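Novice: Take a look at start_39.txt, compact mmCIF, N, CA and C atoms:
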```
# COMPACT_ATOMS: atom_id res chain seq x y z
N MET A 1 0.84 -1.18 0.00
CA MET A 1 0.00 0.00 0.00
C MET A 1 0.89 1.25 0.00
N ASN A 2 0.58 2.16 -0.85
CA ASN A 2 1.35 3.40 -0.96
C ASN A 2 0.79 4.40 0.04
N THR A 3 1.58 4.76 1.03
CA THR A 3 1.10 5.68 2.07
C THR A 3 1.01 7.12 1.57
N LEU A 4 1.74 7.45 0.52
CA LEU A 4 1.68 8.82 0.01
C LEU A 4 0.36 9.13 -0.68
N SER A 5 -0.37 8.11 -1.10
CA SER A 5 -1.64 8.36 -1.77
C SER A 5 -2.71 8.82 -0.78
N TYR A 6 -2.46 8.65 0.51
CA TYR A 6 -3.43 9.06 1.51
C TYR A 6 -3.10 10.41 2.14
N LYS A 7 -2.16 11.11 1.58
CA LYS A 7 -1.73 12.37 2.14
C LYS A 7 -2.80 13.44 1.89
N THR A 8 -3.14 14.17 2.92
CA THR A 8 -4.13 15.24 2.80
C THR A 8 -3.48 16.47 2.18
N ARG A 9 -4.11 16.96 1.12
CA ARG A 9 -3.60 18.15 0.46
C ARG A 9 -4.22 19.39 1.08
N SER A 10 -3.39 20.36 1.38
CA SER A 10 -3.88 21.63 1.88
C SER A 10 -3.75 22.64 0.75
N ILE A 11 -4.88 23.13 0.27
CA ILE A 11 -4.91 24.03 -0.87
C ILE A 11 -4.70 25.47 -0.39
N ASN A 12 -3.87 26.21 -1.12
CA ASN A 12 -3.72 27.62 -0.83
C ASN A 12 -4.33 28.43 -1.97
N LYS A 13 -4.27 29.73 -1.87
CA LYS A 13 -4.92 30.61 -2.85
C LYS A 13 -4.36 30.39 -4.26
N GLU A 14 -3.07 30.16 -4.37
CA GLU A 14 -2.44 30.02 -5.68
C GLU A 14 -2.77 28.68 -6.34
N SER A 15 -2.90 27.62 -5.55
CA SER A 15 -3.12 26.30 -6.14
C SER A 15 -4.60 25.93 -6.26
N ALA A 16 -5.49 26.80 -5.81
CA ALA A 16 -6.93 26.52 -5.89
C ALA A 16 -7.42 26.67 -7.32
N GLU A 17 -8.29 25.76 -7.73
CA GLU A 17 -8.91 25.84 -9.05
C GLU A 17 -10.23 26.59 -8.89
N ARG A 18 -10.22 27.85 -9.31
CA ARG A 18 -11.38 28.70 -9.07
C ARG A 18 -12.13 28.94 -10.37
N GLU A 19 -13.45 28.98 -10.26
CA GLU A 19 -14.31 29.19 -11.41
C GLU A 19 -15.13 30.45 -11.21
N TRP A 20 -15.84 30.85 -12.24
CA TRP A 20 -16.79 31.95 -12.19
C TRP A 20 -18.17 31.37 -12.39
N VAL A 21 -19.12 31.71 -11.52
CA VAL A 21 -20.48 31.21 -11.65
C VAL A 21 -21.46 32.39 -11.61
N VAL A 22 -22.58 32.23 -12.32
CA VAL A 22 -23.64 33.25 -12.35
C VAL A 22 -24.86 32.67 -11.69
N ILE A 23 -25.45 33.43 -10.77
CA ILE A 23 -26.71 33.04 -10.12
C ILE A 23 -27.74 34.10 -10.45
N ASP A 24 -28.89 33.65 -10.97
CA ASP A 24 -29.99 34.57 -11.27
C ASP A 24 -30.86 34.68 -10.03
N ALA A 25 -30.95 35.90 -9.48
CA ALA A 25 -31.68 36.12 -8.23
C ALA A 25 -33.14 36.47 -8.44
N ALA A 26 -33.63 36.42 -9.67
CA ALA A 26 -35.03 36.76 -9.94
C ALA A 26 -35.94 35.76 -9.23
N ASP A 27 -36.85 36.25 -8.42
CA ASP A 27 -37.82 35.47 -7.65
C ASP A 27 -37.16 34.50 -6.67
N ALA A 28 -35.91 34.78 -6.27
CA ALA A 28 -35.23 33.94 -5.27
C ALA A 28 -35.46 34.53 -3.89
N ILE A 29 -35.52 33.66 -2.90
CA ILE A 29 -35.67 34.10 -1.52
C ILE A 29 -34.29 34.48 -0.99
N VAL A 30 -34.20 35.62 -0.33
CA VAL A 30 -32.92 36.22 0.03
C VAL A 30 -32.04 35.27 0.84
N GLY A 31 -32.57 34.67 1.88
CA GLY A 31 -31.78 33.80 2.74
C GLY A 31 -31.27 32.56 2.04
N ARG A 32 -32.10 31.96 1.20
CA ARG A 32 -31.68 30.76 0.49
C ARG A 32 -30.64 31.09 -0.57
N LEU A 33 -30.80 32.24 -1.21
CA LEU A 33 -29.81 32.71 -2.18
C LEU A 33 -28.48 32.98 -1.49
N ALA A 34 -28.55 33.63 -0.33
CA ALA A 34 -27.33 34.00 0.40
C ALA A 34 -26.57 32.77 0.89
N THR A 35 -27.28 31.74 1.35
CA THR A 35 -26.58 30.55 1.83
C THR A 35 -25.86 29.84 0.69
N GLN A 36 -26.50 29.75 -0.47
CA GLN A 36 -25.85 29.11 -1.61
C GLN A 36 -24.64 29.91 -2.08
N ALA A 37 -24.78 31.23 -2.14
CA ALA A 37 -23.67 32.08 -2.59
C ALA A 37 -22.51 32.03 -1.60
N ALA A 38 -22.79 32.10 -0.30
CA ALA A 38 -21.73 32.03 0.70
C ALA A 38 -21.03 30.67 0.67
N PHE A 39 -21.79 29.62 0.45
CA PHE A 39 -21.26 28.26 0.35
C PHE A 39 -20.26 28.18 -0.81
N MET A 40 -20.62 28.77 -1.95
CA MET A 40 -19.75 28.72 -3.13
C MET A 40 -18.57 29.67 -2.99
N LEU A 41 -18.76 30.84 -2.36
CA LEU A 41 -17.65 31.75 -2.13
C LEU A 41 -16.60 31.12 -1.23
N ARG A 42 -17.06 30.38 -0.26
CA ARG A 42 -16.16 29.73 0.70
C ARG A 42 -15.45 28.52 0.10
N GLY A 43 -16.08 27.87 -0.91
CA GLY A 43 -15.47 26.72 -1.55
C GLY A 43 -15.86 25.40 -0.91
N LYS A 44 -16.92 25.40 -0.11
CA LYS A 44 -17.31 24.19 0.60
C LYS A 44 -17.90 23.12 -0.31
N HIS A 45 -18.25 23.47 -1.53
CA HIS A 45 -18.80 22.50 -2.47
C HIS A 45 -17.72 21.71 -3.19
N LYS A 46 -16.46 22.00 -2.93
CA LYS A 46 -15.35 21.34 -3.60
C LYS A 46 -14.71 20.29 -2.69
N PRO A 47 -14.20 19.22 -3.27
CA PRO A 47 -13.51 18.22 -2.44
C PRO A 47 -12.18 18.72 -1.89
N THR A 48 -11.65 19.80 -2.45
CA THR A 48 -10.37 20.35 -1.99
C THR A 48 -10.56 21.50 -1.01
N TYR A 49 -11.71 21.59 -0.37
CA TYR A 49 -12.01 22.68 0.56
C TYR A 49 -10.99 22.72 1.69
N THR A 50 -10.44 23.90 1.92
CA THR A 50 -9.52 24.14 3.02
C THR A 50 -10.05 25.33 3.81
N PRO A 51 -10.35 25.14 5.11
CA PRO A 51 -11.02 26.20 5.88
C PRO A 51 -10.25 27.51 6.01
N HIS A 52 -8.93 27.45 5.99
CA HIS A 52 -8.15 28.65 6.26
C HIS A 52 -7.64 29.35 5.01
N SER A 53 -8.11 28.93 3.82
CA SER A 53 -7.62 29.57 2.60
C SER A 53 -8.77 29.98 1.69
N GLU A 54 -8.44 30.85 0.77
CA GLU A 54 -9.41 31.38 -0.18
C GLU A 54 -9.45 30.45 -1.39
N CYS A 55 -10.31 29.44 -1.35
CA CYS A 55 -10.35 28.44 -2.42
C CYS A 55 -11.72 28.35 -3.09
N GLY A 56 -12.59 29.32 -2.85
CA GLY A 56 -13.93 29.30 -3.43
C GLY A 56 -13.98 29.92 -4.81
N ASP A 57 -15.18 29.96 -5.37
CA ASP A 57 -15.39 30.50 -6.70
C ASP A 57 -15.75 31.98 -6.65
N HIS A 58 -15.64 32.64 -7.80
CA HIS A 58 -16.16 34.00 -7.97
C HIS A 58 -17.65 33.86 -8.27
N VAL A 59 -18.49 34.57 -7.54
CA VAL A 59 -19.93 34.46 -7.70
C VAL A 59 -20.48 35.78 -8.23
N ILE A 60 -21.22 35.69 -9.34
CA ILE A 60 -21.88 36.84 -9.95
C ILE A 60 -23.37 36.66 -9.72
N ILE A 61 -24.01 37.65 -9.12
CA ILE A 61 -25.46 37.58 -8.90
C ILE A 61 -26.10 38.68 -9.73
N VAL A 62 -27.04 38.28 -10.60
CA VAL A 62 -27.76 39.24 -11.44
C VAL A 62 -29.22 39.30 -10.99
N ASN A 63 -29.90 40.36 -11.38
CA ASN A 63 -31.31 40.61 -11.03
C ASN A 63 -31.50 40.72 -9.52
N ALA A 64 -30.63 41.44 -8.84
CA ALA A 64 -30.71 41.57 -7.38
C ALA A 64 -31.95 42.35 -6.94
N GLU A 65 -32.51 43.18 -7.82
CA GLU A 65 -33.70 43.95 -7.42
C GLU A 65 -34.96 43.11 -7.43
N LYS A 66 -34.89 41.87 -7.91
CA LYS A 66 -36.08 41.02 -8.00
C LYS A 66 -36.14 39.95 -6.91
N VAL A 67 -35.34 40.08 -5.86
CA VAL A 67 -35.36 39.10 -4.78
C VAL A 67 -36.64 39.23 -3.97
N LYS A 68 -36.96 38.18 -3.22
CA LYS A 68 -38.17 38.16 -2.42
C LYS A 68 -37.85 37.76 -0.99
N PHE A 69 -38.77 38.11 -0.11
CA PHE A 69 -38.73 37.67 1.28
C PHE A 69 -39.96 36.81 1.53
N THR A 70 -39.88 35.92 2.50
CA THR A 70 -41.03 35.11 2.86
C THR A 70 -41.81 35.82 3.96
N GLY A 71 -43.08 35.51 4.06
CA GLY A 71 -43.92 36.06 5.12
C GLY A 71 -44.07 37.56 5.00
N ASN A 72 -44.09 38.24 6.15
CA ASN A 72 -44.26 39.69 6.20
C ASN A 72 -42.94 40.43 6.37
N LYS A 73 -41.83 39.80 5.99
CA LYS A 73 -40.53 40.41 6.22
C LYS A 73 -40.34 41.70 5.44
N MET A 74 -41.02 41.85 4.31
CA MET A 74 -40.88 43.06 3.51
C MET A 74 -41.31 44.29 4.31
N GLU A 75 -42.31 44.15 5.18
CA GLU A 75 -42.78 45.28 5.99
C GLU A 75 -42.22 45.26 7.41
N GLU A 76 -41.91 44.06 7.94
CA GLU A 76 -41.53 43.95 9.35
C GLU A 76 -40.03 43.88 9.60
N LYS A 77 -39.26 43.34 8.66
CA LYS A 77 -37.81 43.23 8.86
C LYS A 77 -37.20 44.62 8.80
N GLU A 78 -36.35 44.93 9.78
CA GLU A 78 -35.73 46.25 9.84
C GLU A 78 -34.21 46.13 9.78
N TYR A 79 -33.61 47.02 9.03
CA TYR A 79 -32.17 47.15 9.00
C TYR A 79 -31.82 48.33 9.88
N ILE A 80 -30.82 48.15 10.74
CA ILE A 80 -30.47 49.15 11.74
C ILE A 80 -29.10 49.74 11.41
N ARG A 81 -28.99 51.05 11.53
CA ARG A 81 -27.70 51.71 11.41
C ARG A 81 -27.61 52.78 12.50
N HIS A 82 -26.44 53.28 12.73
CA HIS A 82 -26.26 54.30 13.75
C HIS A 82 -25.44 55.44 13.16
N THR A 83 -25.88 56.67 13.45
CA THR A 83 -25.20 57.84 12.90
C THR A 83 -23.90 58.16 13.61
N GLY A 84 -23.74 57.64 14.82
CA GLY A 84 -22.55 57.94 15.61
C GLY A 84 -22.80 58.99 16.67
N TYR A 85 -23.96 59.60 16.64
CA TYR A 85 -24.34 60.60 17.64
C TYR A 85 -25.28 59.98 18.66
N PRO A 86 -25.38 60.55 19.86
CA PRO A 86 -26.31 60.02 20.85
C PRO A 86 -27.75 60.05 20.31
N GLY A 87 -28.44 58.95 20.47
CA GLY A 87 -29.81 58.84 19.96
C GLY A 87 -29.87 58.72 18.45
N GLY A 88 -28.79 58.31 17.83
CA GLY A 88 -28.71 58.29 16.37
C GLY A 88 -29.02 56.96 15.73
N GLN A 89 -29.74 56.09 16.43
CA GLN A 89 -30.09 54.79 15.85
C GLN A 89 -31.22 54.98 14.85
N ARG A 90 -31.02 54.48 13.63
CA ARG A 90 -32.02 54.64 12.57
C ARG A 90 -32.48 53.28 12.08
N PHE A 91 -33.77 53.15 11.79
CA PHE A 91 -34.36 51.90 11.32
C PHE A 91 -34.97 52.14 9.94
N ILE A 92 -34.87 51.14 9.08
CA ILE A 92 -35.51 51.20 7.77
C ILE A 92 -35.98 49.79 7.41
N THR A 93 -37.17 49.70 6.85
CA THR A 93 -37.74 48.38 6.53
C THR A 93 -37.09 47.81 5.28
N ALA A 94 -37.22 46.51 5.11
CA ALA A 94 -36.62 45.83 3.96
C ALA A 94 -37.25 46.28 2.65
N GLY A 95 -38.53 46.60 2.65
CA GLY A 95 -39.18 47.06 1.44
C GLY A 95 -38.61 48.38 0.94
N LYS A 96 -38.34 49.30 1.87
CA LYS A 96 -37.77 50.59 1.50
C LYS A 96 -36.33 50.43 1.03
N VAL A 97 -35.57 49.55 1.68
CA VAL A 97 -34.19 49.31 1.27
C VAL A 97 -34.15 48.70 -0.13
N LEU A 98 -35.08 47.79 -0.41
CA LEU A 98 -35.11 47.14 -1.72
C LEU A 98 -35.36 48.15 -2.83
N LYS A 99 -36.18 49.16 -2.56
CA LYS A 99 -36.42 50.21 -3.56
C LYS A 99 -35.24 51.16 -3.69
N LYS A 100 -34.62 51.47 -2.55
CA LYS A 100 -33.55 52.46 -2.53
C LYS A 100 -32.19 51.87 -2.95
N LYS A 101 -31.79 50.75 -2.32
CA LYS A 101 -30.50 50.12 -2.59
C LYS A 101 -30.68 48.61 -2.68
N PRO A 102 -31.11 48.07 -3.81
CA PRO A 102 -31.37 46.63 -3.90
C PRO A 102 -30.12 45.77 -3.74
N LEU A 103 -28.96 46.29 -4.08
CA LEU A 103 -27.73 45.50 -3.94
C LEU A 103 -27.38 45.28 -2.47
N PHE A 104 -27.73 46.23 -1.61
CA PHE A 104 -27.38 46.16 -0.20
C PHE A 104 -28.00 44.93 0.46
N ILE A 105 -29.23 44.60 0.12
CA ILE A 105 -29.92 43.48 0.78
C ILE A 105 -29.17 42.17 0.52
N VAL A 106 -28.80 41.93 -0.73
CA VAL A 106 -28.11 40.68 -1.07
C VAL A 106 -26.70 40.68 -0.48
N GLU A 107 -25.98 41.78 -0.62
CA GLU A 107 -24.62 41.84 -0.09
C GLU A 107 -24.59 41.71 1.43
N HIS A 108 -25.53 42.34 2.11
CA HIS A 108 -25.60 42.30 3.57
C HIS A 108 -25.88 40.88 4.06
N ALA A 109 -26.78 40.18 3.37
CA ALA A 109 -27.12 38.82 3.76
C ALA A 109 -25.94 37.88 3.57
N ILE A 110 -25.24 38.02 2.46
CA ILE A 110 -24.10 37.13 2.18
C ILE A 110 -22.93 37.46 3.09
N LYS A 111 -22.67 38.74 3.32
CA LYS A 111 -21.55 39.14 4.18
C LYS A 111 -21.74 38.62 5.60
N GLY A 112 -22.98 38.54 6.06
CA GLY A 112 -23.24 38.03 7.39
C GLY A 112 -22.98 36.54 7.53
N MET A 113 -22.90 35.83 6.41
CA MET A 113 -22.67 34.38 6.44
C MET A 113 -21.21 34.01 6.20
N LEU A 114 -20.35 34.99 6.01
CA LEU A 114 -18.93 34.75 5.81
C LEU A 114 -18.19 34.96 7.13
N PRO A 115 -16.96 34.44 7.25
CA PRO A 115 -16.19 34.64 8.48
C PRO A 115 -15.93 36.12 8.74
N LYS A 116 -15.89 36.48 10.02
CA LYS A 116 -15.67 37.88 10.41
C LYS A 116 -14.18 38.10 10.66
N ASN A 117 -13.36 37.97 9.63
CA ASN A 117 -11.93 38.18 9.75
C ASN A 117 -11.38 38.54 8.36
N ARG A 118 -10.06 38.55 8.20
CA ARG A 118 -9.49 38.97 6.91
C ARG A 118 -9.81 37.97 5.81
N LEU A 119 -10.03 36.71 6.14
CA LEU A 119 -10.44 35.74 5.13
C LEU A 119 -11.84 36.07 4.60
N GLY A 120 -12.75 36.44 5.50
CA GLY A 120 -14.10 36.81 5.09
C GLY A 120 -14.10 38.05 4.20
N ARG A 121 -13.24 39.00 4.51
CA ARG A 121 -13.15 40.21 3.68
C ARG A 121 -12.59 39.88 2.30
N ALA A 122 -11.64 38.96 2.24
CA ALA A 122 -11.07 38.56 0.95
C ALA A 122 -12.11 37.78 0.14
N LEU A 123 -12.89 36.93 0.80
CA LEU A 123 -13.93 36.17 0.10
C LEU A 123 -15.03 37.10 -0.43
N PHE A 124 -15.34 38.15 0.33
CA PHE A 124 -16.40 39.08 -0.07
C PHE A 124 -16.02 39.83 -1.35
N ARG A 125 -14.72 39.99 -1.59
CA ARG A 125 -14.26 40.65 -2.81
C ARG A 125 -14.54 39.80 -4.05
N ASN A 126 -14.80 38.52 -3.87
CA ASN A 126 -15.11 37.64 -5.00
C ASN A 126 -16.59 37.62 -5.33
N LEU A 127 -17.39 38.42 -4.65
CA LEU A 127 -18.82 38.52 -4.90
C LEU A 127 -19.08 39.74 -5.77
N HIS A 128 -19.86 39.54 -6.83
CA HIS A 128 -20.20 40.63 -7.76
C HIS A 128 -21.71 40.63 -7.92
N VAL A 129 -22.38 41.69 -7.45
CA VAL A 129 -23.85 41.76 -7.47
C VAL A 129 -24.27 42.89 -8.40
N TYR A 130 -25.26 42.59 -9.26
CA TYR A 130 -25.75 43.56 -10.23
C TYR A 130 -27.26 43.60 -10.21
N GLU A 131 -27.81 44.80 -10.46
CA GLU A 131 -29.26 44.99 -10.44
C GLU A 131 -29.94 44.34 -11.63
N GLY A 132 -29.42 44.56 -12.80
CA GLY A 132 -30.07 44.07 -14.01
C GLY A 132 -29.61 42.68 -14.41
N ASN A 133 -29.91 42.34 -15.64
CA ASN A 133 -29.58 41.02 -16.16
C ASN A 133 -28.18 40.98 -16.76
N GLU A 134 -27.56 42.13 -16.95
CA GLU A 134 -26.25 42.22 -17.59
C GLU A 134 -25.14 42.31 -16.54
N HIS A 135 -23.97 41.77 -16.91
CA HIS A 135 -22.78 41.89 -16.06
C HIS A 135 -21.56 41.98 -16.96
N PRO A 136 -20.48 42.65 -16.51
CA PRO A 136 -19.31 42.85 -17.36
C PRO A 136 -18.28 41.72 -17.29
N HIS A 137 -18.67 40.52 -16.88
CA HIS A 137 -17.71 39.43 -16.69
C HIS A 137 -17.86 38.32 -17.72
N GLN A 138 -18.29 38.66 -18.93
CA GLN A 138 -18.45 37.65 -19.98
C GLN A 138 -17.11 37.05 -20.41
N ALA A 139 -16.03 37.79 -20.29
CA ALA A 139 -14.72 37.30 -20.69
C ALA A 139 -14.25 36.13 -19.83
N GLN A 140 -14.75 36.03 -18.61
CA GLN A 140 -14.36 34.93 -17.72
C GLN A 140 -15.15 33.66 -18.00
N GLN A 141 -16.10 33.70 -18.92
CA GLN A 141 -16.95 32.57 -19.29
C GLN A 141 -17.59 31.91 -18.07
N PRO A 142 -18.43 32.67 -17.36
CA PRO A 142 -19.04 32.11 -16.15
C PRO A 142 -20.06 31.03 -16.46
N LYS A 143 -20.22 30.14 -15.51
CA LYS A 143 -21.13 29.01 -15.62
C LYS A 143 -22.45 29.39 -14.94
N GLU A 144 -23.58 29.11 -15.59
CA GLU A 144 -24.90 29.44 -15.03
C GLU A 144 -25.28 28.38 -13.99
N ILE A 145 -25.67 28.83 -12.80
CA ILE A 145 -26.06 27.94 -11.70
C ILE A 145 -27.52 28.21 -11.33
N ASN A 146 -28.30 27.15 -11.19
CA ASN A 146 -29.69 27.28 -10.72
C ASN A 146 -29.71 26.88 -9.25
N ILE A 147 -30.00 27.84 -8.36
CA ILE A 147 -29.93 27.56 -6.93
C ILE A 147 -31.05 26.65 -6.46
N ASN A 148 -32.12 26.52 -7.23
CA ASN A 148 -33.22 25.66 -6.82
C ASN A 148 -32.89 24.19 -7.02
N THR A 149 -32.00 23.87 -7.95
CA THR A 149 -31.65 22.47 -8.18
C THR A 149 -30.31 22.07 -7.56
N THR A 150 -29.48 23.06 -7.21
CA THR A 150 -28.18 22.77 -6.63
C THR A 150 -28.33 22.45 -5.15
N LYS A 151 -27.74 21.37 -4.71
CA LYS A 151 -27.78 20.99 -3.29
C LYS A 151 -26.41 21.15 -2.69
```
What would the structure in this file look like if it were written as structure tokens?
Specialist:
Amino acid sequence: MNTLSYKTRSINKESAEREWVVIDAADAIVGRLATQAAFMLRGKHKPTYTPHSECGDHVIIVNAEKVKFTGNKMEEKEYIRHTGYPGGQRFITAGKVLKKKPLFIVEHAIKGMLPKNRLGRALFRNLHVYEGNEHPHQAQQPKEININTTK
């Protein structure tokens, strides 16, 4: 028996085989879309997944303005920010945010599912979110992914 065939490979950023994938967010539920995108950004769908390295794919999300929420979240879910001054806490509903900044909802959901360290910030740079159906990454020949059929 060859013992070297059982050696665990640790993939680093340079040796990772990274792809470009496109996810259509039209009529997708925000949380389910975000979990699939974070999973692919992290590289957990690959057999060469290494927790401490950037080995995931580049994810392009199109039609971000057409995402949906389940239940009454469009009116009841609130995003909170603070101005930095005393009493400066501000609330805005998800419906208003979707009209004002549709990219923020998708990016905020995915960023919350990534690690809170320099690896998470590096992985977030591999996310590209666009409002419409067009994106400027055709040269990378991205692969179309259907999140409803991907497990």
Novice: Box along x, y and z, 3 Å on every side, all listed atoms of stretch 29-32 of chain A inside: centre and edge lengths in Å to one decimal, as AutoDock Vina command-line options.
Specialist:
```
--center_x -33.2 --center_y 33.5 --center_z -0.1 --size_x 11.0 --size_y 11.5 --size_z 11.6
```
Novice: Taking into account all atoms listed in the file, which residue in the set A:Ile145, A:Asp24, A:Ala122, A:Met74 is nearest to A:Val62?
Specialist: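 Among the listed residues, the smallest separation from A:Val62 belongs to A:Asp24.
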Novice: Could you pull out the residues in stretch 37-127 of chain A that DSSP calls strand (DSSP E or B) from the backbone, as a list in words?
Specialist: His58, Val59, Ile60, Ile61, Val62, Lys68, Glu78, Tyr79, Ile80, Arg81, His82, Gln89, Arg90, Phe91, Ile92, Thr93 and Leu127 of chain A
Novice: Go ahead and find all residues with at least one atom no further than 8 Å from (-37.1, 41.2, -7.8) in the file's coordinates, using only N, CA and C atoms; report them as an NGL selection string.
Specialist: :A and (25-28 or 63-68)
Novice: Set the distance at 12 Å and use only C-alpha atoms: which residues neighbour A:Thr8 once local chain neighbours fewer than 6 positions away are removed? I'd like the list as a list in words.
Specialist: Pro47, Thr48, Tyr49 and Thr50 of chain A
Novice: Excluding same-chain residues fewer than 6 positions from stretch 12-17 of chain A, what lies within 6 Å of it counting all atoms listed in the file, as a list in words?
Specialist: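 Close residues of stretch 12-17 of chain A: Ser53, Glu54 and Cys55 of chain A.
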Novice: I need the residue nearest A:His128 from this list: A:Ile60, A:Ile11, A:Val22, A:Ala38. Use only C-alpha atoms for the distance.
Specialist: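 For A:His128, the nearest of the candidates is A:Ile60.
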Novice: Quote the spacing between atom N of A:Glu107 and atom C of A:Ile61 in Å to one decimal place.
Specialist: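 Computing the Euclidean distance for atom N of A:Glu107 and atom C of A:Ile61 yields 9.6 Å.
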Novice: Identify which of the residues A:Val59, A:Met40, A:Leu33, A:Ile147 lies closest to A:Trp20, counting all atoms listed in the file when measuring atom-to-atom distances.
Specialist: A:Val59
Novice: So that I can check the surroundings of A:Gly95, please list as a list in words every protein, DNA and RNA residue that reaches within 6 Å of it, counting only N, CA and C atoms and ignoring chain neighbours fewer than 2 positions away.
Specialist: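 The residues satisfying every condition are Lys73, Met74, Glu75, Thr93, Val97, Leu98 and Lys99 of chain A.
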Novice: One number please: atom N of A:Ile110 to atom N of A:Gly31, in Å, one decimal.
Specialist: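 Separating atom N of A:Ile110 from atom N of A:Gly31 is a distance of 8.1 Å.
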Novice: Report the residues of chain A whose backbone DSSP state falls under helix (DSSP H, G or I), written as a PyMOL selection string.
Specialist: chain A and resi 3-6+30-42+64-66+73-76+94-100+102-111+118-124+138-140
Novice: What is the distance between atom C of A:Phe91 and atom CA of A:Lys77, in Å to one decimal?
Specialist: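 Taking atom C of A:Phe91 as the start and atom CA of A:Lys77 as the end point, the length is 9.4 Å.
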Novice: Find, counting all atoms listed in the file, the residue in A:Val21, A:Arg32, A:Val106, A:Gly120 that gets nearest to A:Gln140.
Specialist: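 Looking at the shortest contact to A:Gln140, the residue is A:Val21.
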Novice: Output: stretch 25-38 of chain A of the preceding structure, restricted to N, CA, C and O atoms, written as a PDB file, in the first residue's frame.
Specialist:
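And here is the file that came out, decode_24.pdb:
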```
ATOM      1  N   ALA A  25     -30.955  35.900  -9.480  1.00  0.00           N
ATOM      2  CA  ALA A  25     -31.682  36.120  -8.230  1.00  0.00           C
ATOM      3  C   ALA A  25     -33.141  36.467  -8.444  1.00  0.00           C
ATOM      4  O   ALA A  25     -33.839  36.783  -7.481  1.00  0.00           O
ATOM      5  N   ALA A  26     -33.632  36.418  -9.673  1.00  0.00           N
ATOM      6  CA  ALA A  26     -35.029  36.759  -9.940  1.00  0.00           C
ATOM      7  C   ALA A  26     -35.942  35.759  -9.230  1.00  0.00           C
ATOM      8  O   ALA A  26     -35.797  34.549  -9.396  1.00  0.00           O
ATOM      9  N   ASP A  27     -36.854  36.254  -8.416  1.00  0.00           N
ATOM     10  CA  ASP A  27     -37.823  35.466  -7.645  1.00  0.00           C
ATOM     11  C   ASP A  27     -37.157  34.504  -6.667  1.00  0.00           C
ATOM     12  O   ASP A  27     -37.757  33.512  -6.267  1.00  0.00           O
ATOM     13  N   ALA A  28     -35.912  34.775  -6.267  1.00  0.00           N
ATOM     14  CA  ALA A  28     -35.235  33.937  -5.274  1.00  0.00           C
ATOM     15  C   ALA A  28     -35.457  34.528  -3.887  1.00  0.00           C
ATOM     16  O   ALA A  28     -35.579  35.740  -3.720  1.00  0.00           O
ATOM     17  N   ILE A  29     -35.518  33.663  -2.898  1.00  0.00           N
ATOM     18  CA  ILE A  29     -35.670  34.103  -1.518  1.00  0.00           C
ATOM     19  C   ILE A  29     -34.286  34.476  -0.991  1.00  0.00           C
ATOM     20  O   ILE A  29     -33.317  33.745  -1.191  1.00  0.00           O
ATOM     21  N   VAL A  30     -34.201  35.621  -0.333  1.00  0.00           N
ATOM     22  CA  VAL A  30     -32.921  36.222   0.029  1.00  0.00           C
ATOM     23  C   VAL A  30     -32.042  35.271   0.841  1.00  0.00           C
ATOM     24  O   VAL A  30     -30.877  35.074   0.523  1.00  0.00           O
ATOM     25  N   GLY A  31     -32.573  34.671   1.879  1.00  0.00           N
ATOM     26  CA  GLY A  31     -31.778  33.802   2.742  1.00  0.00           C
ATOM     27  C   GLY A  31     -31.266  32.563   2.039  1.00  0.00           C
ATOM     28  O   GLY A  31     -30.118  32.160   2.217  1.00  0.00           O
ATOM     29  N   ARG A  32     -32.103  31.963   1.205  1.00  0.00           N
ATOM     30  CA  ARG A  32     -31.678  30.760   0.485  1.00  0.00           C
ATOM     31  C   ARG A  32     -30.640  31.093  -0.571  1.00  0.00           C
ATOM     32  O   ARG A  32     -29.703  30.331  -0.811  1.00  0.00           O
ATOM     33  N   LEU A  33     -30.798  32.243  -1.212  1.00  0.00           N
ATOM     34  CA  LEU A  33     -29.813  32.708  -2.185  1.00  0.00           C
ATOM     35  C   LEU A  33     -28.483  32.981  -1.486  1.00  0.00           C
ATOM     36  O   LEU A  33     -27.420  32.590  -1.975  1.00  0.00           O
ATOM     37  N   ALA A  34     -28.546  33.628  -0.327  1.00  0.00           N
ATOM     38  CA  ALA A  34     -27.331  33.996   0.396  1.00  0.00           C
ATOM     39  C   ALA A  34     -26.570  32.774   0.891  1.00  0.00           C
ATOM     40  O   ALA A  34     -25.337  32.753   0.845  1.00  0.00           O
ATOM     41  N   THR A  35     -27.283  31.743   1.348  1.00  0.00           N
ATOM     42  CA  THR A  35     -26.582  30.547   1.828  1.00  0.00           C
ATOM     43  C   THR A  35     -25.862  29.843   0.694  1.00  0.00           C
ATOM     44  O   THR A  35     -24.722  29.403   0.856  1.00  0.00           O
ATOM     45  N   GLN A  36     -26.499  29.745  -0.469  1.00  0.00           N
ATOM     46  CA  GLN A  36     -25.847  29.106  -1.615  1.00  0.00           C
ATOM     47  C   GLN A  36     -24.637  29.910  -2.080  1.00  0.00           C
ATOM     48  O   GLN A  36     -23.583  29.350  -2.388  1.00  0.00           O
ATOM     49  N   ALA A  37     -24.783  31.234  -2.135  1.00  0.00           N
ATOM     50  CA  ALA A  37     -23.674  32.079  -2.586  1.00  0.00           C
ATOM     51  C   ALA A  37     -22.508  32.027  -1.598  1.00  0.00           C
ATOM     52  O   ALA A  37     -21.346  31.919  -2.013  1.00  0.00           O
ATOM     53  N   ALA A  38     -22.790  32.096  -0.305  1.00  0.00           N
ATOM     54  CA  ALA A  38     -21.727  32.034   0.700  1.00  0.00           C
ATOM     55  C   ALA A  38     -21.032  30.671   0.674  1.00  0.00           C
ATOM     56  O   ALA A  38     -19.809  30.587   0.838  1.00  0.00           O
TER      57      ALA A  38
END
```
